[in-house]
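S.K.: My file is model_8.txt. It has compact mmCIF, C-alpha atoms:
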```txt
# COMPACT_ATOMS: atom_id res chain seq x y z
CA MET A 1 8.56 163.57 89.06
CA PRO A 2 10.05 160.84 86.88
CA ALA A 3 7.89 157.88 85.87
CA ILE A 4 9.46 154.45 86.19
CA THR A 5 8.46 151.03 84.97
CA MET A 6 9.28 147.76 86.64
CA LYS A 7 8.16 144.16 86.53
CA VAL A 8 6.78 143.22 89.93
CA ASN A 9 5.72 139.63 90.56
CA GLY A 10 5.58 139.06 86.82
CA GLN A 11 3.39 142.08 86.08
CA ALA A 12 4.51 145.26 84.36
CA VAL A 13 3.89 148.24 86.61
CA CYS A 14 4.60 151.94 86.33
CA GLY A 15 4.44 154.89 88.64
CA ASP A 16 5.77 158.33 89.41
CA VAL A 17 8.53 158.49 91.98
CA GLU A 18 10.79 161.10 93.49
CA GLY A 19 14.51 160.49 93.51
CA ARG A 20 14.32 159.76 97.22
CA THR A 21 11.43 157.24 97.00
CA LEU A 22 12.66 153.97 98.46
CA LEU A 23 11.87 150.69 96.75
CA VAL A 24 9.89 149.57 99.80
CA GLU A 25 7.80 152.77 99.68
CA PHE A 26 7.08 152.21 96.01
CA LEU A 27 6.01 148.62 96.67
CA ARG A 28 3.88 149.36 99.73
CA ASP A 29 2.48 152.83 99.08
CA LYS A 30 2.18 152.93 95.29
CA LEU A 31 1.48 149.29 94.53
CA GLY A 32 -0.26 148.32 97.77
CA LEU A 33 2.02 145.34 98.25
CA THR A 34 2.16 145.57 102.02
CA GLY A 35 3.59 142.11 102.58
CA THR A 36 7.06 143.65 102.48
CA HIS A 37 7.64 145.18 105.90
CA VAL A 38 9.75 148.03 107.23
CA GLY A 39 11.30 147.04 110.52
CA CYS A 40 14.44 148.90 111.46
CA ASP A 41 14.74 151.15 108.40
CA THR A 42 18.53 150.99 108.86
CA SER A 43 19.31 147.90 106.70
CA GLN A 44 19.86 145.58 109.63
CA CYS A 45 16.66 143.63 110.32
CA GLY A 46 15.78 142.17 106.92
CA ALA A 47 11.97 142.50 107.22
CA CYS A 48 12.03 144.37 103.89
CA VAL A 49 13.92 141.74 101.85
CA VAL A 50 12.70 141.31 98.27
CA HIS A 51 14.39 139.92 95.17
CA VAL A 52 15.65 142.35 92.54
CA ASP A 53 16.75 140.65 89.34
CA GLY A 54 16.92 137.39 91.24
CA LYS A 55 18.96 138.63 94.20
CA ALA A 56 17.81 139.23 97.77
CA VAL A 57 18.18 142.88 98.74
CA LYS A 58 16.92 145.15 101.47
CA SER A 59 14.24 147.28 99.86
CA CYS A 60 14.51 149.95 102.59
CA THR A 61 18.01 150.67 101.35
CA ALA A 62 17.41 150.84 97.61
CA LEU A 63 16.01 153.75 95.63
CA ALA A 64 12.96 152.79 93.57
CA ILE A 65 14.37 154.75 90.65
CA SER A 66 17.61 152.70 90.77
CA CYS A 67 15.46 149.60 90.30
CA ALA A 68 13.69 150.95 87.21
CA ASP A 69 13.35 148.26 84.53
CA SER A 70 14.28 145.54 87.01
CA GLU A 71 12.33 142.43 87.87
CA VAL A 72 11.17 142.46 91.47
CA THR A 73 9.66 139.59 93.42
CA THR A 74 7.94 140.20 96.75
CA ILE A 75 6.36 137.79 99.20
CA GLU A 76 3.06 138.23 97.30
CA GLY A 77 4.72 136.79 94.20
CA LEU A 78 5.71 133.43 95.65
CA ALA A 79 2.38 131.59 95.78
CA ARG A 80 1.15 130.09 92.51
CA ASN A 81 -2.50 129.51 91.63
CA GLY A 82 -3.63 129.86 95.20
CA LYS A 83 -1.05 127.36 96.41
CA LEU A 84 1.63 128.46 98.87
CA HIS A 85 5.27 128.31 97.82
CA PRO A 86 7.03 125.33 99.44
CA MET A 87 9.00 127.71 101.69
CA GLN A 88 5.80 129.42 102.85
CA GLU A 89 4.21 126.03 103.44
CA ALA A 90 7.24 124.96 105.49
CA PHE A 91 7.00 128.07 107.69
CA ARG A 92 3.32 127.24 108.30
CA GLU A 93 3.99 123.56 108.92
CA HIS A 94 6.93 124.15 111.32
CA HIS A 95 5.43 127.25 112.91
CA GLY A 96 8.46 129.32 111.93
CA LEU A 97 6.93 132.50 113.34
CA GLN A 98 5.19 134.04 116.26
CA CYS A 99 4.10 137.61 115.53
CA GLY A 100 4.89 137.20 111.85
CA PHE A 101 6.44 140.61 111.28
CA CYS A 102 9.82 139.30 110.11
CA THR A 103 8.32 136.36 108.20
CA PRO A 104 8.09 137.86 104.68
CA GLY A 105 11.75 138.87 104.83
CA MET A 106 12.72 135.53 106.33
CA ILE A 107 10.97 133.63 103.54
CA MET A 108 12.43 135.82 100.77
CA ALA A 109 15.89 135.40 102.32
CA ALA A 110 15.36 131.64 102.63
CA VAL A 111 14.39 131.26 98.96
CA ASP A 112 17.54 133.23 98.07
CA ILE A 113 19.68 130.92 100.22
CA VAL A 114 18.34 127.88 98.36
CA LYS A 115 19.10 129.57 95.03
CA ARG A 116 22.71 130.14 96.05
CA LYS A 117 23.43 127.10 98.22
CA GLY A 118 21.10 124.40 96.97
CA LYS A 119 18.28 122.41 98.54
CA LYS A 120 20.33 120.49 101.05
CA LEU A 121 21.12 122.94 103.81
CA ASP A 122 22.62 122.15 107.18
CA GLU A 123 21.69 124.06 110.30
CA ASP A 124 24.98 125.96 110.57
CA THR A 125 24.66 127.26 107.01
CA ILE A 126 21.06 128.36 107.58
CA ARG A 127 21.88 130.19 110.80
CA HIS A 128 24.87 131.91 109.24
CA GLU A 129 22.98 132.87 106.09
CA LEU A 130 20.12 134.35 108.12
CA GLU A 131 22.55 136.85 109.65
CA GLY A 132 20.73 139.72 107.96
CA ASN A 133 17.25 138.77 109.21
CA ILE A 134 16.27 139.48 112.77
CA CYS A 135 13.38 137.85 114.64
CA ARG A 136 12.62 139.05 118.17
CA CYS A 137 10.04 136.38 119.04
CA THR A 138 10.98 132.86 118.13
CA GLY A 139 14.56 132.32 119.14
CA TYR A 140 15.03 131.14 115.53
CA GLN A 141 14.64 127.43 116.34
CA ASN A 142 11.51 126.88 114.25
CA ILE A 143 12.64 129.29 111.55
CA VAL A 144 15.76 127.21 111.01
CA ALA A 145 13.66 124.03 110.94
CA ALA A 146 11.27 125.62 108.45
CA VAL A 147 14.06 126.79 106.13
CA LYS A 148 15.62 123.34 106.18
CA ALA A 149 12.35 121.62 105.34
CA GLY A 150 11.31 124.28 102.85
CA ALA A 151 14.62 124.02 101.03
CA ALA A 152 14.30 120.25 100.74
CA SER A 153 10.82 120.52 99.26
CA MET A 154 11.61 123.26 96.74
CA MET B 1 15.28 162.38 103.50
CA GLU B 2 15.57 165.52 101.36
CA ASN B 3 14.80 165.05 97.70
CA PHE B 4 17.49 165.27 95.01
CA ASN B 5 18.01 165.08 91.28
CA TYR B 6 18.87 161.59 90.16
CA VAL B 7 20.93 160.46 87.21
CA ARG B 8 22.21 157.04 86.24
CA PRO B 9 24.81 157.46 83.52
CA ALA B 10 25.96 154.51 81.42
CA LYS B 11 29.48 155.86 80.88
CA VAL B 12 32.02 156.89 83.47
CA ALA B 13 32.85 160.09 81.55
CA ASP B 14 29.17 161.10 81.78
CA ALA B 15 29.21 160.44 85.53
CA VAL B 16 32.17 162.82 85.93
CA LYS B 17 30.37 165.41 83.78
CA ALA B 18 27.21 165.10 85.87
CA MET B 19 29.22 165.65 89.03
CA LYS B 20 30.91 168.74 87.59
CA LYS B 21 27.48 170.15 86.73
CA ALA B 22 25.92 169.39 90.13
CA LYS B 23 25.79 172.01 92.86
CA ASP B 24 26.39 169.51 95.64
CA GLY B 25 26.59 166.07 94.06
CA LYS B 26 27.27 162.63 95.51
CA PHE B 27 28.26 159.48 93.69
CA MET B 28 26.31 156.39 94.75
CA ALA B 29 27.56 152.83 94.30
CA GLY B 30 25.62 150.16 96.25
CA GLY B 31 24.11 152.90 98.40
CA HIS B 32 24.35 150.96 101.63
CA THR B 33 26.19 153.72 103.42
CA LEU B 34 24.84 156.66 101.45
CA ILE B 35 21.11 155.89 101.74
CA PRO B 36 21.20 155.47 105.54
CA THR B 37 23.24 158.69 105.71
CA LEU B 38 20.59 160.52 103.68
CA LYS B 39 17.79 159.09 105.83
CA GLN B 40 19.43 160.43 108.96
CA GLY B 41 19.81 163.84 107.37
CA LEU B 42 23.59 163.67 107.75
CA ALA B 43 23.89 164.58 104.08
CA SER B 44 21.45 166.27 101.73
CA PRO B 45 23.05 166.45 98.30
CA THR B 46 21.33 168.22 95.43
CA ASP B 47 22.23 165.45 93.01
CA ILE B 48 22.77 161.71 93.26
CA ILE B 49 24.85 160.22 90.48
CA ASP B 50 24.16 156.49 90.55
CA LEU B 51 27.17 154.52 89.32
CA GLY B 52 25.09 151.33 89.01
CA GLY B 53 24.48 152.05 85.34
CA LEU B 54 28.20 151.77 84.54
CA LYS B 55 28.02 147.99 84.95
CA ASN B 56 31.76 147.81 85.54
CA THR B 57 32.00 144.43 87.22
CA GLY B 58 34.46 141.59 86.95
CA ILE B 59 37.58 140.01 88.39
CA LYS B 60 40.69 139.43 86.28
CA ILE B 61 43.51 137.29 87.58
CA GLY B 62 46.83 138.21 85.98
CA ALA B 63 50.36 136.82 86.35
CA LYS B 64 51.28 139.20 89.16
CA SER B 65 48.05 140.83 90.26
CA VAL B 66 44.28 140.64 90.45
CA VAL B 67 42.18 143.50 89.12
CA ILE B 68 38.66 143.88 90.49
CA GLN B 69 36.37 146.34 88.72
CA ALA B 70 34.89 148.96 91.03
CA GLY B 71 31.25 147.89 90.56
CA THR B 72 31.88 144.28 91.57
CA THR B 73 29.68 143.37 94.52
CA HIS B 74 30.93 141.79 97.73
CA ALA B 75 28.87 138.70 96.84
CA GLU B 76 30.64 138.39 93.49
CA VAL B 77 34.09 138.80 95.07
CA ALA B 78 33.25 136.25 97.79
CA ALA B 79 31.94 133.70 95.28
CA SER B 80 34.82 133.92 92.79
CA LYS B 81 36.49 130.50 92.57
CA GLU B 82 39.52 132.03 90.87
CA LEU B 83 39.98 134.65 93.57
CA LYS B 84 39.60 132.05 96.33
CA LYS B 85 42.68 130.39 94.84
CA ALA B 86 44.61 133.56 94.01
CA ILE B 87 44.08 135.66 97.19
CA PRO B 88 42.00 133.55 99.62
CA GLY B 89 42.09 136.16 102.40
CA LEU B 90 40.46 138.74 100.14
CA ALA B 91 37.62 136.43 99.06
CA ALA B 92 37.04 135.48 102.71
CA LEU B 93 36.92 139.14 103.74
CA ALA B 94 34.29 139.94 101.12
CA GLY B 95 32.20 136.97 102.28
CA GLY B 96 32.10 138.40 105.79
CA ILE B 97 30.95 141.93 104.98
CA GLY B 98 27.51 142.74 106.38
CA ASP B 99 25.00 140.03 105.51
CA PRO B 100 23.95 138.28 102.26
CA HIS B 101 21.53 141.05 101.22
CA VAL B 102 24.08 143.78 101.85
CA ARG B 103 26.69 141.81 99.89
CA HIS B 104 24.33 141.73 96.89
CA LYS B 105 24.41 145.53 96.72
CA GLY B 106 27.66 146.79 98.23
CA THR B 107 30.62 147.21 95.89
CA ILE B 108 34.38 147.30 96.34
CA GLY B 109 34.62 150.72 94.67
CA GLY B 110 31.99 152.15 97.00
CA SER B 111 33.62 150.68 100.08
CA VAL B 112 37.11 152.01 99.38
CA SER B 113 35.82 155.43 98.27
CA ASN B 114 33.75 155.82 101.43
CA ASN B 115 36.60 154.68 103.68
CA ASP B 116 34.40 154.03 106.68
CA PRO B 117 36.76 153.59 109.65
CA ALA B 118 35.08 150.23 110.34
CA ALA B 119 34.85 148.97 106.74
CA ASP B 120 36.63 145.73 105.86
CA TYR B 121 38.10 146.41 102.40
CA PRO B 122 40.49 149.25 103.31
CA SER B 123 42.45 146.83 105.52
CA ALA B 124 42.88 144.41 102.61
CA CYS B 125 43.96 147.22 100.30
CA LEU B 126 46.55 148.47 102.76
CA ALA B 127 47.90 145.06 103.82
CA LEU B 128 48.09 143.72 100.27
CA GLY B 129 49.66 146.92 98.96
CA ALA B 130 46.82 147.47 96.48
CA THR B 131 46.75 150.13 93.79
CA ILE B 132 43.53 152.09 93.45
CA HIS B 133 42.68 152.90 89.82
CA THR B 134 40.62 156.04 89.31
CA THR B 135 39.33 158.07 86.39
CA ASP B 136 42.40 160.30 86.75
CA ARG B 137 45.30 158.20 88.04
CA LYS B 138 46.59 155.16 89.91
CA LEU B 139 47.24 155.55 93.62
CA ALA B 140 48.95 153.28 96.15
CA ALA B 141 46.65 152.33 99.05
CA ASP B 142 49.19 153.89 101.43
CA LYS B 143 48.50 157.26 99.77
CA PHE B 144 44.79 156.72 99.10
CA PHE B 145 43.31 156.36 102.60
CA THR B 146 43.79 159.66 104.42
CA GLY B 147 41.66 159.34 107.56
CA MET B 148 38.12 158.95 108.83
CA PHE B 149 35.76 158.83 105.81
CA SER B 150 38.41 160.58 103.74
CA THR B 151 40.54 159.58 100.80
CA ALA B 152 42.82 161.23 98.28
CA LEU B 153 39.93 161.28 95.78
CA LYS B 154 38.99 164.64 94.31
CA ASP B 155 35.28 165.51 94.20
CA THR B 156 34.92 164.57 90.55
CA GLU B 157 37.19 161.51 90.61
CA ILE B 158 35.75 157.98 90.54
CA VAL B 159 37.40 154.72 91.55
CA THR B 160 37.31 152.44 88.51
CA ALA B 161 39.11 149.33 89.80
CA VAL B 162 41.31 148.01 92.58
CA GLU B 163 44.47 146.06 91.74
CA PHE B 164 45.87 143.63 94.31
CA PRO B 165 49.34 142.12 93.90
CA LEU B 166 49.44 138.34 94.26
CA VAL B 167 50.94 137.34 97.60
CA LYS B 168 52.17 134.13 99.22
CA LYS B 169 49.60 134.17 101.99
CA SER B 170 46.70 136.33 103.10
CA GLY B 171 44.24 136.19 105.96
CA TYR B 172 41.62 138.31 107.66
CA ALA B 173 39.99 138.11 111.07
CA LYS B 174 37.49 140.47 112.58
CA PHE B 175 35.49 140.96 115.71
CA PRO B 176 32.20 142.26 114.33
CA ASN B 177 29.79 144.40 116.25
CA PRO B 178 26.92 141.94 116.73
CA ALA B 179 24.24 144.45 115.68
CA SER B 180 25.77 146.39 112.80
CA LEU B 181 28.18 143.62 111.73
CA TYR B 182 30.81 146.30 111.13
CA ALA B 183 34.30 145.49 112.40
CA MET B 184 35.00 146.64 115.97
CA VAL B 185 38.47 145.43 115.09
CA GLY B 186 39.52 143.73 111.87
CA VAL B 187 43.05 142.77 110.93
CA PHE B 188 44.29 141.78 107.47
CA VAL B 189 47.70 140.13 107.21
CA ALA B 190 49.64 139.38 104.05
CA GLN B 191 52.93 137.71 103.30
CA GLY B 192 54.19 139.26 100.10
CA ALA B 193 55.86 137.46 97.20
CA ASP B 194 59.24 138.53 98.65
CA GLY B 195 58.36 137.17 102.10
CA SER B 196 57.85 140.54 103.75
CA ALA B 197 54.68 140.89 105.79
CA ARG B 198 52.14 143.70 106.01
CA VAL B 199 49.49 144.11 108.70
CA ALA B 200 46.57 146.53 108.45
CA VAL B 201 43.95 147.25 111.10
CA THR B 202 40.41 148.53 110.58
CA GLY B 203 37.67 149.44 113.05
CA ALA B 204 40.05 150.26 115.87
CA GLY B 205 41.14 153.77 114.97
CA PRO B 206 39.88 156.82 113.09
CA GLY B 207 41.09 155.19 109.88
CA VAL B 208 42.84 152.07 108.65
CA PHE B 209 46.49 151.82 109.75
CA ARG B 210 49.50 149.49 109.62
CA VAL B 211 51.37 148.03 112.61
CA ALA B 212 55.12 148.20 112.03
CA ASP B 213 56.11 145.96 115.00
CA MET B 214 53.85 143.17 113.82
CA GLU B 215 55.06 143.50 110.24
CA ALA B 216 58.70 143.20 111.36
CA ALA B 217 57.96 140.15 113.50
CA LEU B 218 55.93 138.41 110.79
CA SER B 219 58.55 139.21 108.16
CA ARG B 220 61.04 137.24 110.28
CA LYS B 221 58.62 134.36 110.78
CA PHE B 222 55.06 134.28 109.46
CA ALA B 223 53.41 132.53 112.41
CA GLY B 224 50.87 133.46 115.08
CA SER B 225 53.47 132.93 117.80
CA SER B 226 55.60 135.71 116.28
CA LEU B 227 53.02 138.16 117.63
CA ASP B 228 53.32 137.03 121.26
CA GLY B 229 54.08 140.02 123.44
CA ILE B 230 53.41 142.62 120.74
CA ALA B 231 50.85 145.07 122.04
CA VAL B 232 49.38 148.07 120.26
CA LYS B 233 49.01 151.23 122.38
CA SER B 234 45.44 152.27 123.07
CA LYS B 235 46.18 155.99 122.73
CA GLY B 236 44.24 157.42 119.78
CA LEU B 237 42.07 154.34 119.26
CA ASN B 238 38.27 154.56 119.13
CA SER B 239 36.38 154.39 122.38
CA ASP B 240 32.59 154.14 122.32
CA MET B 241 29.62 152.31 123.84
CA HIS B 242 30.68 149.10 122.07
CA ALA B 243 34.29 148.92 123.22
CA SER B 244 36.89 150.99 125.01
CA ALA B 245 40.18 151.94 123.37
CA GLU B 246 41.98 149.50 125.70
CA TYR B 247 39.68 146.66 124.63
CA ARG B 248 40.17 147.47 120.97
CA ALA B 249 43.96 147.55 121.48
CA HIS B 250 43.79 144.10 123.03
CA LEU B 251 41.60 142.82 120.20
CA ILE B 252 44.13 143.93 117.59
CA THR B 253 46.71 141.39 118.76
CA VAL B 254 44.06 138.67 119.14
CA MET B 255 42.64 139.30 115.65
CA ALA B 256 46.10 139.61 114.10
CA LYS B 257 47.02 136.18 115.47
CA ARG B 258 43.78 134.67 114.18
CA ALA B 259 44.35 136.26 110.79
CA VAL B 260 47.86 134.79 110.56
CA GLU B 261 46.58 131.39 111.63
CA ALA B 262 43.79 131.54 109.05
CA ALA B 263 46.12 132.79 106.29
CA LYS B 264 46.39 130.67 103.17
```
What does this structure look like when you write it as structure tokens?
M.R.:
Amino acid sequence: MPAITMKVNGQAVCGDVEGRTLLVEFLRDKLGLTGTHVGCDTSQCGACVVHVDGKAVKSCTALAISCADSEVTTIEGLARNGKLHPMQEAFREHHGLQCGFCTPGMIMAAVDIVKRKGKKLDEDTIRHELEGNICRCTGYQNIVAAVKAGAASM
Amino acid sequence: MENFNYVRPAKVADAVKAMKKAKDGKFMAGGHTLIPTLKQGLASPTDIIDLGGLKNTGIKIGAKSVVIQAGTTHAEVAASKELKKAIPGLAALAGGIGDPHVRHKGTIGGSVSNNDPAADYPSACLALGATIHTTDRKLAADKFFTGMFSTALKDTEIVTAVEFPLVKKSGYAKFPNPASLYAMVGVFVAQGADGSARVAVTGAGPGVFRVADMEAALSRKFAGSSLDGIAVKSKGLNSDMHASAEYRAHLITVMAKRAVEAAK
């Protein structure tokens, strides 16, 4: 079993993986970072979105070994010194969730949108950019409001 | 998912070597078709040869053509300011593949090599008259795509780049499946430098195909109204839980018109 190293949320980590070990399995099962969720497991729902080398990707559709020596950020890596990231705070403030299952992926996707499109986001852009993140509770209304507010405060 | 040996070569020659050595090897680009296929047990290769280590990305705009390296992601193609000017339809197509996260991983080389019957890129390759560059040769798109999930590629041959001739106008319109975001029907239209038009359809049939009647009409006049009354026969088109063959046939004309109207 090959050993890989990776930087996850700023910390160097290493672990043994099989070729078939998915990035999300490595994060959840090896590192105990269970904030990243597996929803559909078919790269449609976006609950598993993390950032690899600064880009949002679906960790259920990436091999851990392909991400060796990359920098990975998960939902656990957003808060700083016990203070929520502005996007997390906006989801709390605007109640951008009901059951919360899709929320980590939503927030990681939202931070990625701001990186690519800037802090001033209109509703159409947010809805379009969230195409790869599915929520079955909220009807998206408050998620869109949260992303808009979170983006502005980033 | 069955386990496999994994290698990530840094040079394309080493990737070919690894494939020759493997019992039942598969090349992997972005992995967004291959990994789901492995999960479902539809394939269980002994070796995965990850092409991500080749780092062959980039878009070069020349005097007569644009060359896109095989490892360039859909996100990079969609975001290229130069490409948006040179072949706007192609940049727009890339920006509509899957969703943002998929576009960060999926590559043009992977998409054309896989030749999914509902993938977007094959239609652009065929309509623009692209040339597929491989480790062994250069192939016209018309010769490259040979049917459902099949291409002219040999087992040990790797796509290295795709070259698109510059055209007067290009446009793409698709009707995506709302769940998978794959094209139920997608149509790419191009008006070549000499004024002749090419029309290629994806998602509707077992593989990407051209529509001669539409090409003739658009070569006379490149306008949406030129397609009035041109219907594609439903015989041989895909029919599944998402859409019947008749519905797909109807969508081809609708999407073709939209593509012409969107063409720049």
S.K.: Show me, as a list in words, every residue of chain A with an atom at most 6 Å from chain B, counting only C-alpha atoms.
M.R.: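 Using only C-alpha atoms, chain A residues at most 6 Å from chain B: Gly19, Arg20, Ala56, Val57, Glu131 and Gly132 of chain A.
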S.K.: What is the CA of Leu128 in chain B to CA of Lys11 in chain B distance in Å?
M.R.: 29.5 Å
S.K.: From the set A:Ile65, A:Ala79, A:Ser59, A:Cys137, which residue has the shortest atom-to-atom contact distance to Asp16 in chain A, counting only C-alpha atoms?
M.R.: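 Between A:Ile65, A:Ala79, A:Ser59, A:Cys137, the residue approaching Asp16 in chain A most closely is A:Ile65.
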S.K.: List every protein, DNA or RNA residue that has an atom no more than 6 Å from (6.8, 125.2, 116.2) in the file's coordinate frame, counting all atoms listed in the file, and report them as a CSV table (one decimal) with C-alpha atoms, in the frame of the given file.
M.R.:
```csv
chain,number,residue,atom,x,y,z
A,94,HIS,CA,6.9,124.2,111.3
A,95,HIS,CA,5.4,127.2,112.9
A,142,ASN,CA,11.5,126.9,114.2
```
S.K.: So that I can see what lies close to range 133-139 of chain B, please list as a PyMOL selection string the residues with an atom at most 8 Å from it, counting only C-alpha atoms and leaving out residues fewer than 4 positions away in the same chain.
M.R.: chain B and resi 12+143-144+157-163
S.K.: As an exercise, work out the distance from CA of Lys154 in chain B to CA of Lys55 in chain B in Å and give it to one decimal place.
M.R.: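 The value is 22.0 Å.
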S.K.: Emit a file covering range 10-26 of chain B of the preceding structure with N, CA and C atoms, as a PDB file, in the first residue's frame.
M.R.:
```pdb
ATOM      1  N   ALA B  10       5.390  11.399 -15.448  1.00  0.00           N
ATOM      2  CA  ALA B  10       5.588  12.823 -15.733  1.00  0.00           C
ATOM      3  C   ALA B  10       5.787  13.062 -17.232  1.00  0.00           C
ATOM      4  N   LYS B  11       6.090  11.985 -17.965  1.00  0.00           N
ATOM      5  CA  LYS B  11       6.331  12.135 -19.410  1.00  0.00           C
ATOM      6  C   LYS B  11       5.381  11.247 -20.184  1.00  0.00           C
ATOM      7  N   VAL B  12       4.947  11.752 -21.329  1.00  0.00           N
ATOM      8  CA  VAL B  12       3.962  11.023 -22.118  1.00  0.00           C
ATOM      9  C   VAL B  12       4.531   9.686 -22.609  1.00  0.00           C
ATOM     10  N   ALA B  13       5.820   9.656 -22.914  1.00  0.00           N
ATOM     11  CA  ALA B  13       6.441   8.405 -23.371  1.00  0.00           C
ATOM     12  C   ALA B  13       6.370   7.346 -22.271  1.00  0.00           C
ATOM     13  N   ASP B  14       6.530   7.778 -21.012  1.00  0.00           N
ATOM     14  CA  ASP B  14       6.450   6.831 -19.890  1.00  0.00           C
ATOM     15  C   ASP B  14       5.019   6.331 -19.695  1.00  0.00           C
ATOM     16  N   ALA B  15       4.051   7.183 -20.006  1.00  0.00           N
ATOM     17  CA  ALA B  15       2.646   6.767 -19.902  1.00  0.00           C
ATOM     18  C   ALA B  15       2.355   5.669 -20.923  1.00  0.00           C
ATOM     19  N   VAL B  16       2.865   5.841 -22.132  1.00  0.00           N
ATOM     20  CA  VAL B  16       2.673   4.823 -23.178  1.00  0.00           C
ATOM     21  C   VAL B  16       3.353   3.517 -22.760  1.00  0.00           C
ATOM     22  N   LYS B  17       4.565   3.642 -22.216  1.00  0.00           N
ATOM     23  CA  LYS B  17       5.302   2.452 -21.745  1.00  0.00           C
ATOM     24  C   LYS B  17       4.518   1.713 -20.672  1.00  0.00           C
ATOM     25  N   ALA B  18       3.991   2.482 -19.723  1.00  0.00           N
ATOM     26  CA  ALA B  18       3.229   1.881 -18.616  1.00  0.00           C
ATOM     27  C   ALA B  18       2.011   1.135 -19.150  1.00  0.00           C
ATOM     28  N   MET B  19       1.381   1.700 -20.162  1.00  0.00           N
ATOM     29  CA  MET B  19       0.202   1.043 -20.743  1.00  0.00           C
ATOM     30  C   MET B  19       0.600  -0.249 -21.446  1.00  0.00           C
ATOM     31  N   LYS B  20       1.739  -0.222 -22.137  1.00  0.00           N
ATOM     32  CA  LYS B  20       2.191  -1.427 -22.843  1.00  0.00           C
ATOM     33  C   LYS B  20       2.491  -2.548 -21.847  1.00  0.00           C
ATOM     34  N   LYS B  21       2.974  -2.161 -20.666  1.00  0.00           N
ATOM     35  CA  LYS B  21       3.339  -3.143 -19.644  1.00  0.00           C
ATOM     36  C   LYS B  21       2.118  -3.697 -18.908  1.00  0.00           C
ATOM     37  N   ALA B  22       1.046  -2.903 -18.853  1.00  0.00           N
ATOM     38  CA  ALA B  22      -0.124  -3.279 -18.047  1.00  0.00           C
ATOM     39  C   ALA B  22      -0.890  -4.422 -18.692  1.00  0.00           C
ATOM     40  N   LYS B  23      -1.501  -5.256 -17.834  1.00  0.00           N
ATOM     41  CA  LYS B  23      -2.305  -6.364 -18.351  1.00  0.00           C
ATOM     42  C   LYS B  23      -3.597  -5.805 -18.954  1.00  0.00           C
ATOM     43  N   ASP B  24      -4.269  -4.995 -18.153  1.00  0.00           N
ATOM     44  CA  ASP B  24      -5.512  -4.380 -18.628  1.00  0.00           C
ATOM     45  C   ASP B  24      -5.527  -2.945 -18.095  1.00  0.00           C
ATOM     46  N   GLY B  25      -4.814  -2.074 -18.785  1.00  0.00           N
ATOM     47  CA  GLY B  25      -4.627  -0.710 -18.284  1.00  0.00           C
ATOM     48  C   GLY B  25      -5.677   0.259 -18.798  1.00  0.00           C
ATOM     49  N   LYS B  26      -5.837   1.354 -18.044  1.00  0.00           N
ATOM     50  CA  LYS B  26      -6.714   2.452 -18.481  1.00  0.00           C
ATOM     51  C   LYS B  26      -5.974   3.755 -18.214  1.00  0.00           C
TER      52      LYS B  26
END
```
